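Note sheet for the following structure.
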Amino acid sequence: MKVQFVYPAFERHANSHPELLEHVPCNEYLGGPSLGIASIAAVTPPWAEVAFQDDRVHPLTSSVQADLYAFSFFTPAATRAFELADMLRAEGRKVVAGGIFPTMMPEVASKHFDAIVIGEGEGVWPALLDDFRKGELKPRYQETEPFDLTQLPPPRIDLYVNAESPDLHPDDYPLQISRGCPLECDACVVPCSMGKKLRLVPREQSRQALADLAKFGKLAAVTEDTSFFFFSGARRHLKTFLEDLREDPRPRGGKISYIGISMPMILSLDPELLKLASEAGIDRFYLVCGFDPITRDAFGKGDPAAMDRAIQSVLRCHDFGIEPYTSLLVGNDTDDEHVFDRILDFTVKARVPKTEFAIFTPYPGTPAWNRLQAEGRIFDTEWKHYNDANVVFRPRQMSPERLLEGYLSLWREFYKDKKHLSSLEHGQKTIQF
Ligand code: SF4
């Protein structure tokens with residue numbers, strides 16, 4: 001029996017707004033697929049043959065033959081996932097799905113798939129396959145308990161690497177060191193999709209994942225912008241991960257592409273841990289802004305003390321030789337029309353070298369989604385527009401049109417005097433847009 005895993009395509013910022021390509025003098029960053037499929041493939045029973053297709057790299061067509069098609073996707077990819085699933089089902093093929101969107105919007109996803117998996121899939125996937133083999137596929141599969149991470153086999157990154165094309169291939173793939181988060185940031189899907197308990201991936205498994213990435217010549221992208229640093233046990237976990245990374249003999253810049261973090265976290269870290277991060281070879285923090293009180297007060301309200309803390313957090317990265325690659329969000333309820341000027345002013349004062357800009361997006365299932373739905377402020381449920389580059393809701397303090405124009409002007413203004421970035425060495429000039 002052959003299972004064809006599919007990672008459906010979605011629109012990046014520059015796909016939604018091609019004019020950005022004229023203004024941003026960097027190559028577009030192609031991140032690896034999320035770990036979902038690699039992790040599910042790793043718990044697939046040996047009697048099932050598995051194959052993987054990244055629809056962004058090789059668009060899926062009906063010529064790809066399999067007994068069962070298994071999709072994993074988040075909200076921006078839902079439009080394409082439904083298009084592909086409908087195409088396959090019209091030809092009589094069986095299609096199942098899991099991931100963040102089916103977990104958050106099971107009623108919507110169910111209309112397009114023969115079965116959906118809600119929540120973490122590792123525990124129920126073997127049973128789903130067994131049911132399919134017996135012709136007894138159920139419409140829904142849901143684990144009642146979070147998966148025990150000590151039982152997690154290494155993700156099948158080999159499937160991803162084998163699906164690359166010479167022209168389109170990620171330099172890094174995600175490496176997971178935790179799941180879940182006890183905090184509840186307004187627009188974040190992590191607590192809703194992975195649970196509110198912070199669970200740590202055992203050290204040996206992270207080491208193995210690092211070794212696997214090294215084997216394929218790939219960097220690790222530690223994507224969790226989690227509450228790690230607020231909890232002492234989690235800080236110890238991060239410290240052991242960084243110590244393992246420091247032991248990795250690959251040169252600086254050759255083992256990890258970035259680690260996700262926030263300004264409050266940077267300010268709360270002791271210098272020893274930041275020094276260790278730098279010694280471990282981390283030369284970029286993916287600094288997510290707009291979710292935390294510092295950035296909301298600094299950019300939205302123009303609070304001078306918060307602005308000072310925002311600047312200090314970026315300067316602290318510079319002090320340790322770590323590039324602060326900021327992701328600056330606009331459209332929070334606290335943002336008035338001055339937010340764009342405040343953000344540009346901040347990038348100058350904090351010496352931000354490169355950045356991306358994002359539009360606040362109420363992802364299904366998040367507290368923001370529930371709140372804005374209740375307030376009747378969501379006017380667009382075309383899922384491909386949920387990619388941080390489109391306005392899908394009515395902002396509180398400006399029109400949707402003003403928010404979109406402000407977002408585009410941020411890209412234009414920030415990069416207008418940075419043409420030199422296009423002359424950087426390969427690997428240094430990629431950016432997420
Ligand atoms: S943004 Fe980070 S800290 Fe906040 S809920 Fe999400 S994972 Fe947790």
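Letters A, B, ... go to the chains of the structure tokens in the order shown; residues in each chain start at 1; ligands are counted from 1 in the same order.
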Enumerate residues in contact with ligand 1: an atom-to-atom distance of at most 9 Å, counting only C-alpha atoms and all ligand atoms. Format the result as an NGL selection string. :A and (179-192 or 196 or 224-228 or 260-262 or 288 or 291-292)
Can you list, as a PyMOL selection string, every protein, DNA or RNA residue that comes within 12 Å of Ala70 of chain A when you count only C-alpha atoms, leaving out same-chain residues fewer than 5 positions away? chain A and resi 2-8+36-38+40-41+44+50-53+81+84-85+88+93-99+113-117+121+125+128-129+132
Would you please extract all helix (DSSP H, G or I) residues from segment 115-283 of chain A, as assigned by DSSP on the backbone, and give them as JSON, numbers by chain? {"A": [125, 126, 127, 128, 129, 130, 131, 132, 133, 149, 150, 151, 157, 158, 159, 160, 161, 162, 190, 191, 192, 193, 194, 203, 204, 205, 206, 207, 208, 209, 210, 211, 212, 213, 214, 215, 228, 229, 230, 232, 233, 234, 235, 236, 237, 238, 239, 240, 241, 242, 243, 244, 245, 246, 247, 263, 264, 265, 266, 267, 268, 271, 272, 273, 274, 275, 276, 277, 278, 279]}
What is the atom CA of Pro362 of chain A to atom CA of His58 of chain A distance in Å?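 Answer for the atom CA of Pro362 of chain A to atom CA of His58 of chain A separation: 29.5 Å.
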Can you tell me how far atom CA of Gly281 of chain A sits from atom CA of Lys218 of chain A, in Å to one decimal?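 Pair atom CA of Gly281 of chain A / atom CA of Lys218 of chain A returns 14.1 Å.
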Please run DSSP on the backbone and report, as a count of residues only, all residues within segment 19-233 of chain A that come out as strand (DSSP E or B). 36
What's around Ala277 of chain A at 10 Å? Count only C-alpha atoms, leave out sequence neighbours fewer than 5 positions away in its own chain, and write the answer as a list of chain:residue names.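 My reading of the contact set: A:Leu238, A:Lys239, A:Phe241, A:Leu242, A:Glu243, A:Leu245, A:Arg246, A:Ile259, A:Pro271, A:Glu272, A:Ile282, A:Asp283, A:Arg284, A:Phe285, A:Phe320, A:Gly321, A:Ile322.
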Written selection (N, CA, C and O atoms) as a compact mmCIF listing (two decimals), in the first residue's frame:
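Final output, saved to part_36.txt:
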```
# COMPACT_ATOMS: atom_id res chain seq x y z
N LEU A 238 16.96 24.45 27.13
CA LEU A 238 17.58 25.23 26.07
C LEU A 238 19.10 25.22 26.23
O LEU A 238 19.84 25.08 25.25
N LYS A 239 19.54 25.35 27.48
CA LYS A 239 20.99 25.39 27.72
C LYS A 239 21.65 24.09 27.25
O LYS A 239 22.69 24.12 26.58
N PHE A 241 20.57 22.11 24.98
CA PHE A 241 20.52 22.09 23.50
C PHE A 241 21.67 22.93 22.94
O PHE A 241 22.36 22.53 22.01
N LEU A 242 21.87 24.12 23.54
CA LEU A 242 22.94 25.00 23.04
C LEU A 242 24.31 24.36 23.28
O LEU A 242 25.22 24.50 22.45
N GLU A 243 24.47 23.66 24.41
CA GLU A 243 25.75 22.99 24.67
C GLU A 243 26.01 21.91 23.62
O GLU A 243 27.13 21.76 23.12
N LEU A 245 24.82 21.92 20.65
CA LEU A 245 25.08 22.63 19.39
C LEU A 245 26.52 23.15 19.36
O LEU A 245 27.19 23.10 18.32
N ARG A 246 27.00 23.61 20.50
CA ARG A 246 28.38 24.11 20.56
C ARG A 246 29.38 22.99 20.25
O ARG A 246 30.43 23.21 19.65
N ILE A 259 17.00 30.96 15.60
CA ILE A 259 16.16 30.45 16.69
C ILE A 259 15.10 31.52 16.95
O ILE A 259 15.40 32.72 16.99
N PRO A 271 23.28 36.98 30.67
CA PRO A 271 24.33 37.11 29.65
C PRO A 271 25.02 35.78 29.35
O PRO A 271 25.44 35.55 28.21
N GLU A 272 25.11 34.90 30.34
CA GLU A 272 25.78 33.62 30.12
C GLU A 272 25.09 32.82 29.02
O GLU A 272 25.73 32.19 28.18
N ILE A 282 24.90 30.34 16.85
CA ILE A 282 23.67 31.02 16.44
C ILE A 282 24.03 32.44 16.05
O ILE A 282 24.54 33.21 16.86
N ASP A 283 23.83 32.78 14.80
CA ASP A 283 24.11 34.16 14.43
C ASP A 283 22.88 34.89 13.94
O ASP A 283 22.97 35.99 13.41
N ARG A 284 21.71 34.29 14.17
CA ARG A 284 20.48 35.03 13.87
C ARG A 284 19.38 34.63 14.85
O ARG A 284 19.12 33.45 15.05
N PHE A 285 18.75 35.64 15.44
CA PHE A 285 17.50 35.43 16.17
C PHE A 285 16.36 35.86 15.26
O PHE A 285 16.42 36.94 14.67
N PHE A 320 26.02 40.63 21.38
CA PHE A 320 26.51 39.24 21.41
C PHE A 320 26.78 38.70 20.01
O PHE A 320 26.95 37.49 19.82
N GLY A 321 26.79 39.58 19.05
CA GLY A 321 27.12 39.17 17.68
C GLY A 321 26.05 38.34 17.02
O GLY A 321 26.33 37.53 16.13
N ILE A 322 24.81 38.53 17.45
CA ILE A 322 23.70 37.76 16.87
C ILE A 322 22.80 38.72 16.10
O ILE A 322 22.32 39.71 16.66
```
Interatomic distance between atom CA of Ala358 of chain A and atom CA of Val330 of chain A?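 Separation of atom CA of Ala358 of chain A and atom CA of Val330 of chain A: 6.3 Å.
Nearest to Leu328 of chain A of all the residues A:Ile359, A:Ala298, A:Leu404, A:Ile177 is A:Ile359, counting only C-alpha atoms.
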